[in-house]
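Participant: Below: one structure in structure tokens.
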Amino acid sequence: MELLLPKPICSLVNCDDLEKVDVDTALGELGKERPIFKLLPEVYAYRYDFRHISPSVINDFEFCPRLLWLQYKLGLKLFTRDSAVSIIRGKLLHERYERAVAAFDNVITEFKLEIGELVGVVDVVIKKGREYIPVEVKSGLASREAHKRQLQIYIYMLKSRHGYLVYRNRVERVERDDSALEVLRQIKSVLEMDKPPKVECRRCPFKPLCRNIM
């Protein structure tokens, strides 16, 4: 049995019980995976290896290059109490979806890629003959453009022609566009700076931490 086209998340798995995940449950689940630190009343962190450039940091870069630089210097991934809930809900959806599609003969889940200093893990890969088609399962948090650029980088790494973004109730086909690699060059440039990049600070839960450390 082969998977020809990916299906929306909630057409394959149960999405109805995710509201049961509250802040305390989410923090507890994150704490099982790795030690987490409370830095501010609403801000937490865990150790994160930024030595390799990963497409998954595109959203951090788009949110704020200065925050990405700070995380890199500290070796910490920062998150808020509210985002902890989104992280765990997304993790549950990923796990359920990957288990569901793993039953197909032409599907690989958690497919690891590494080209030089660029590394990544594709949620799902569909094998069609000699072509490997990347599929990214998305439950929220990042912008659609960040999702699209991340997928286009995986398409480039797999030498594919297209890939798919899978959301709760829809699937989007994304064509190959190697210009998406430019964002990785920008990220690398930020991480190599001796001083943090200048940004227009806005209302941000990380602002007190950023200001104190700077």
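Residues are referred to by chain and number: the chain letter is A, B, ... according to the order shown in the structure tokens, the number counts from 1 in that chain, and ligands are numbered separately from 1 in the order shown.
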What are the closest atom pairs, with distances in Å to one decimal, for all residues of stretch 53-140 of chain A lying within 9 Å of stretch 189-195 of chain A? Consider only C-alpha atoms, order rows by chain and residue number, and present the result as CSV.

Facilitator:
residue,atom,partner,partner_atom,distance
A:Phe61,CA,A:Val190,CA,8.9
A:Pro65,CA,A:Val190,CA,6.9
A:Arg66,CA,A:Val190,CA,8.1
A:Leu68,CA,A:Leu191,CA,7.7
A:Trp69,CA,A:Leu191,CA,5.5
A:Leu70,CA,A:Leu191,CA,8.9
A:Tyr72,CA,A:Leu191,CA,6.8
A:Lys73,CA,A:Leu191,CA,8.2

Participant: Please produce a file of the residues just selected, as a CSV table (one decimal), in the first residue's frame, where the atoms kept are N, CA, C and O atoms.

Facilitator:
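Wrote it out as out_5.csv, contents follow:
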chain,number,residue,atom,x,y,z
A,61,PHE,N,14.3,33.6,13.2
A,61,PHE,CA,15.0,34.7,12.5
A,61,PHE,C,13.9,35.7,12.0
A,61,PHE,O,14.1,36.9,12.1
A,65,PRO,N,15.7,38.9,14.5
A,65,PRO,CA,17.1,38.5,14.3
A,65,PRO,C,17.9,38.7,15.6
A,65,PRO,O,18.8,37.9,15.9
A,66,ARG,N,17.6,39.7,16.4
A,66,ARG,CA,18.3,40.0,17.6
A,66,ARG,C,18.1,38.8,18.6
A,66,ARG,O,19.0,38.4,19.3
A,68,LEU,N,17.3,35.8,17.8
A,68,LEU,CA,18.0,34.6,17.3
A,68,LEU,C,19.5,34.7,17.7
A,68,LEU,O,20.1,33.7,18.2
A,69,TRP,N,20.1,35.9,17.5
A,69,TRP,CA,21.5,36.1,17.9
A,69,TRP,C,21.7,35.8,19.4
A,69,TRP,O,22.7,35.1,19.8
A,70,LEU,N,20.8,36.3,20.2
A,70,LEU,CA,20.9,36.1,21.7
A,70,LEU,C,20.8,34.6,22.0
A,70,LEU,O,21.6,34.1,22.9
A,72,TYR,N,21.6,32.1,20.2
A,72,TYR,CA,22.8,31.5,19.7
A,72,TYR,C,23.9,31.7,20.7
A,72,TYR,O,24.7,30.8,21.0
A,73,LYS,N,24.1,33.0,21.2
A,73,LYS,CA,25.2,33.3,22.1
A,73,LYS,C,25.0,32.5,23.5
A,73,LYS,O,26.0,32.1,24.1

Participant: Can you tell me which residues surround A:Ala102 at a distance of at most 12 Å, considering only C-alpha atoms, apart from same-chain residues fewer than 2 positions away, and format the answer as a PyMOL selection string?

Facilitator: chain A and resi 1-3+6+12+94-100+104-111+123-126

Participant: Stretch 167-212 of chain A: which residues are strand (DSSP E) by DSSP, as a list of chain:residue names?

Facilitator: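 Secondary structure check on stretch 167-212 of chain A, strand (DSSP E): A:Val171, A:Glu172, A:Arg173, A:Val174, A:Glu175.
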
Participant: Please report as JSON lines every residue of stretch 65-139 of chain A lying within 10 Å of stretch 154-172 of chain A, along with the nearest atom pair and their distance in Å (one decimal), using only C-alpha atoms.

Facilitator:
{"residue": "A:Leu93", "atom": "CA", "partner": "A:Arg168", "partner_atom": "CA", "distance": 8.8}
{"residue": "A:Tyr97", "atom": "CA", "partner": "A:Val166", "partner_atom": "CA", "distance": 9.9}
{"residue": "A:Leu113", "atom": "CA", "partner": "A:Met157", "partner_atom": "CA", "distance": 7.4}
{"residue": "A:Glu114", "atom": "CA", "partner": "A:Met157", "partner_atom": "CA", "distance": 8.2}
{"residue": "A:Ile115", "atom": "CA", "partner": "A:Met157", "partner_atom": "CA", "distance": 7.4}
{"residue": "A:Leu118", "atom": "CA", "partner": "A:Met157", "partner_atom": "CA", "distance": 9.1}
{"residue": "A:Val119", "atom": "CA", "partner": "A:Met157", "partner_atom": "CA", "distance": 9.4}
{"residue": "A:Gly120", "atom": "CA", "partner": "A:Tyr154", "partner_atom": "CA", "distance": 7.8}
{"residue": "A:Val121", "atom": "CA", "partner": "A:Tyr154", "partner_atom": "CA", "distance": 8.6}
{"residue": "A:Val122", "atom": "CA", "partner": "A:Tyr154", "partner_atom": "CA", "distance": 7.1}
{"residue": "A:Val124", "atom": "CA", "partner": "A:Tyr164", "partner_atom": "CA", "distance": 9.6}
{"residue": "A:Val125", "atom": "CA", "partner": "A:Gly163", "partner_atom": "CA", "distance": 9.0}
{"residue": "A:Ile126", "atom": "CA", "partner": "A:Gly163", "partner_atom": "CA", "distance": 9.3}
{"residue": "A:Arg130", "atom": "CA", "partner": "A:Ser160", "partner_atom": "CA", "distance": 9.8}
{"residue": "A:Glu131", "atom": "CA", "partner": "A:Ser160", "partner_atom": "CA", "distance": 6.4}
{"residue": "A:Tyr132", "atom": "CA", "partner": "A:Ser160", "partner_atom": "CA", "distance": 6.3}
{"residue": "A:Ile133", "atom": "CA", "partner": "A:Gly163", "partner_atom": "CA", "distance": 5.5}
{"residue": "A:Pro134", "atom": "CA", "partner": "A:Gly163", "partner_atom": "CA", "distance": 5.0}
{"residue": "A:Val135", "atom": "CA", "partner": "A:Tyr164", "partner_atom": "CA", "distance": 4.8}
{"residue": "A:Glu136", "atom": "CA", "partner": "A:Leu165", "partner_atom": "CA", "distance": 5.1}
{"residue": "A:Val137", "atom": "CA", "partner": "A:Val166", "partner_atom": "CA", "distance": 4.8}
{"residue": "A:Lys138", "atom": "CA", "partner": "A:Tyr167", "partner_atom": "CA", "distance": 5.2}
{"residue": "A:Ser139", "atom": "CA", "partner": "A:Tyr167", "partner_atom": "CA", "distance": 6.0}

Participant: Output N, CA and C atoms for every residue in the selection just made, as a short mmCIF file (atom, residue, chain, number, x, y, z; two decimals), in the first residue's frame.

Facilitator:
data_model
loop_
_atom_site.label_atom_id
_atom_site.label_comp_id
_atom_site.auth_asym_id
_atom_site.auth_seq_id
_atom_site.Cartn_x
_atom_site.Cartn_y
_atom_site.Cartn_z
N LEU A 93 0.37 16.20 17.48
CA LEU A 93 -0.14 16.05 16.12
C LEU A 93 0.89 15.43 15.20
N TYR A 97 0.29 11.86 13.34
CA TYR A 97 0.28 11.85 11.88
C TYR A 97 1.37 10.94 11.34
N LEU A 113 18.62 14.80 7.18
CA LEU A 113 19.40 15.29 6.06
C LEU A 113 20.61 16.07 6.57
N GLU A 114 21.71 15.97 5.86
CA GLU A 114 22.90 16.75 6.22
C GLU A 114 23.73 17.00 4.97
N ILE A 115 23.91 18.28 4.65
CA ILE A 115 24.76 18.69 3.54
C ILE A 115 25.70 19.75 4.08
N LEU A 118 24.68 22.38 6.79
CA LEU A 118 23.22 22.47 6.77
C LEU A 118 22.63 21.12 7.15
N VAL A 119 21.83 21.10 8.22
CA VAL A 119 21.21 19.87 8.68
C VAL A 119 19.72 20.09 8.87
N GLY A 120 18.96 19.02 8.84
CA GLY A 120 17.52 19.13 9.05
C GLY A 120 16.89 17.76 9.17
N VAL A 121 15.66 17.75 9.65
CA VAL A 121 14.89 16.51 9.76
C VAL A 121 13.53 16.76 9.12
N VAL A 122 13.25 16.05 8.04
CA VAL A 122 11.97 16.19 7.35
C VAL A 122 10.94 15.31 8.05
N VAL A 124 8.09 13.91 7.02
CA VAL A 124 7.67 12.75 6.23
C VAL A 124 8.28 12.87 4.83
N VAL A 125 8.75 11.76 4.30
CA VAL A 125 9.22 11.71 2.91
C VAL A 125 8.43 10.63 2.18
N ILE A 126 7.86 11.01 1.02
CA ILE A 126 7.15 10.06 0.17
C ILE A 126 8.08 9.65 -0.97
N ARG A 130 12.44 7.14 -8.06
CA ARG A 130 13.72 7.62 -7.55
C ARG A 130 13.58 8.97 -6.84
N GLU A 131 12.39 9.53 -6.84
CA GLU A 131 12.19 10.85 -6.24
C GLU A 131 11.75 10.73 -4.78
N TYR A 132 12.33 11.60 -3.96
CA TYR A 132 11.96 11.69 -2.55
C TYR A 132 11.25 13.03 -2.34
N ILE A 133 9.98 12.97 -1.98
CA ILE A 133 9.16 14.18 -1.86
C ILE A 133 8.97 14.53 -0.39
N PRO A 134 9.46 15.70 0.04
CA PRO A 134 9.35 16.08 1.45
C PRO A 134 7.96 16.58 1.81
N VAL A 135 7.52 16.21 3.00
CA VAL A 135 6.23 16.64 3.53
C VAL A 135 6.46 17.18 4.93
N GLU A 136 6.07 18.44 5.16
CA GLU A 136 6.21 19.04 6.48
C GLU A 136 4.84 19.18 7.13
N VAL A 137 4.72 18.68 8.35
CA VAL A 137 3.47 18.72 9.11
C VAL A 137 3.50 19.97 9.99
N LYS A 138 2.53 20.86 9.80
CA LYS A 138 2.53 22.15 10.49
C LYS A 138 1.24 22.35 11.28
N SER A 139 1.41 22.76 12.53
CA SER A 139 0.24 22.93 13.41
C SER A 139 0.06 24.37 13.86
#

Participant: Might you pull out every residue within 12 Å of A:Lys20, with only C-alpha atoms counted and same-chain residues fewer than 3 positions away left off, and present them as a short mmCIF file (atom, residue, chain, number, x, y, z; two decimals) with N, CA, C and O atoms, in the first residue's frame?

Facilitator:
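See result30.cif below for the written result:
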data_model
loop_
_atom_site.label_atom_id
_atom_site.label_comp_id
_atom_site.auth_asym_id
_atom_site.auth_seq_id
_atom_site.Cartn_x
_atom_site.Cartn_y
_atom_site.Cartn_z
N CYS A 15 -7.91 15.20 16.38
CA CYS A 15 -7.43 16.54 16.75
C CYS A 15 -8.29 17.16 17.85
O CYS A 15 -8.03 18.30 18.26
N ASP A 16 -9.30 16.43 18.30
CA ASP A 16 -10.31 17.03 19.17
C ASP A 16 -9.91 17.13 20.64
O ASP A 16 -10.52 17.89 21.39
N ASP A 17 -8.91 16.35 21.06
CA ASP A 17 -8.58 16.32 22.48
C ASP A 17 -7.41 17.22 22.86
O ASP A 17 -6.94 17.20 24.00
N VAL A 23 -1.04 24.77 30.30
CA VAL A 23 0.34 25.23 30.48
C VAL A 23 1.13 24.27 31.36
O VAL A 23 2.26 23.89 31.02
N ASP A 24 0.57 23.88 32.49
CA ASP A 24 1.30 23.01 33.42
C ASP A 24 1.61 21.66 32.78
O ASP A 24 2.72 21.12 32.95
N THR A 25 0.64 21.12 32.05
CA THR A 25 0.86 19.85 31.36
C THR A 25 1.96 19.99 30.32
O THR A 25 2.85 19.14 30.21
N ALA A 26 1.91 21.09 29.57
CA ALA A 26 2.90 21.31 28.51
C ALA A 26 4.31 21.45 29.08
O ALA A 26 5.26 20.85 28.58
N VAL A 85 2.42 25.43 25.27
CA VAL A 85 1.20 24.69 24.95
C VAL A 85 1.16 24.38 23.46
O VAL A 85 0.87 23.25 23.04
N SER A 86 1.46 25.36 22.63
CA SER A 86 1.46 25.16 21.18
C SER A 86 2.51 24.13 20.77
O SER A 86 2.28 23.32 19.86
N ILE A 88 3.67 21.54 22.52
CA ILE A 88 3.26 20.18 22.87
C ILE A 88 2.07 19.74 22.02
O ILE A 88 2.02 18.58 21.58
N ARG A 89 1.12 20.63 21.77
CA ARG A 89 0.01 20.26 20.89
C ARG A 89 0.53 19.91 19.50
O ARG A 89 0.09 18.92 18.90
N LEU A 92 2.22 16.45 19.57
CA LEU A 92 1.24 15.36 19.58
C LEU A 92 0.68 15.12 18.18
O LEU A 92 0.56 13.96 17.75
#

Participant: Using only C-alpha atoms, which of the listed residues (A:Leu39, A:Val57, A:Val101, A:Leu18) sits closest to A:Arg149?

Facilitator: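 Smallest distance to A:Arg149 is found for A:Val57.
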
Participant: Would you mind telling me which residue in A:Ser54, A:Lys77, A:Glu29, A:Asp177 lies nearest to A:Lys112 when using only C-alpha atoms?

Facilitator: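 When distances to A:Lys112 are compared using only C-alpha atoms, the smallest one comes from A:Ser54.
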
Participant: Can you work out the spacing between atom CA of A:Glu62 and atom CA of A:Gly75 in Å, to one decimal?

Facilitator: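 Between these atoms lies a distance of 18.6 Å.
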
Participant: Can you work out which one of A:Leu151, A:Val13, A:Cys204, A:Val199 has the shortest atom-to-atom distance to A:Phe79, counting only C-alpha atoms?

Facilitator: A:Cys204

Participant: DSSP says alpha helix (DSSP H) for which residues of stretch 123-177 of chain A? Put them as a PyMOL selection string?

Facilitator: chain A and resi 144-158
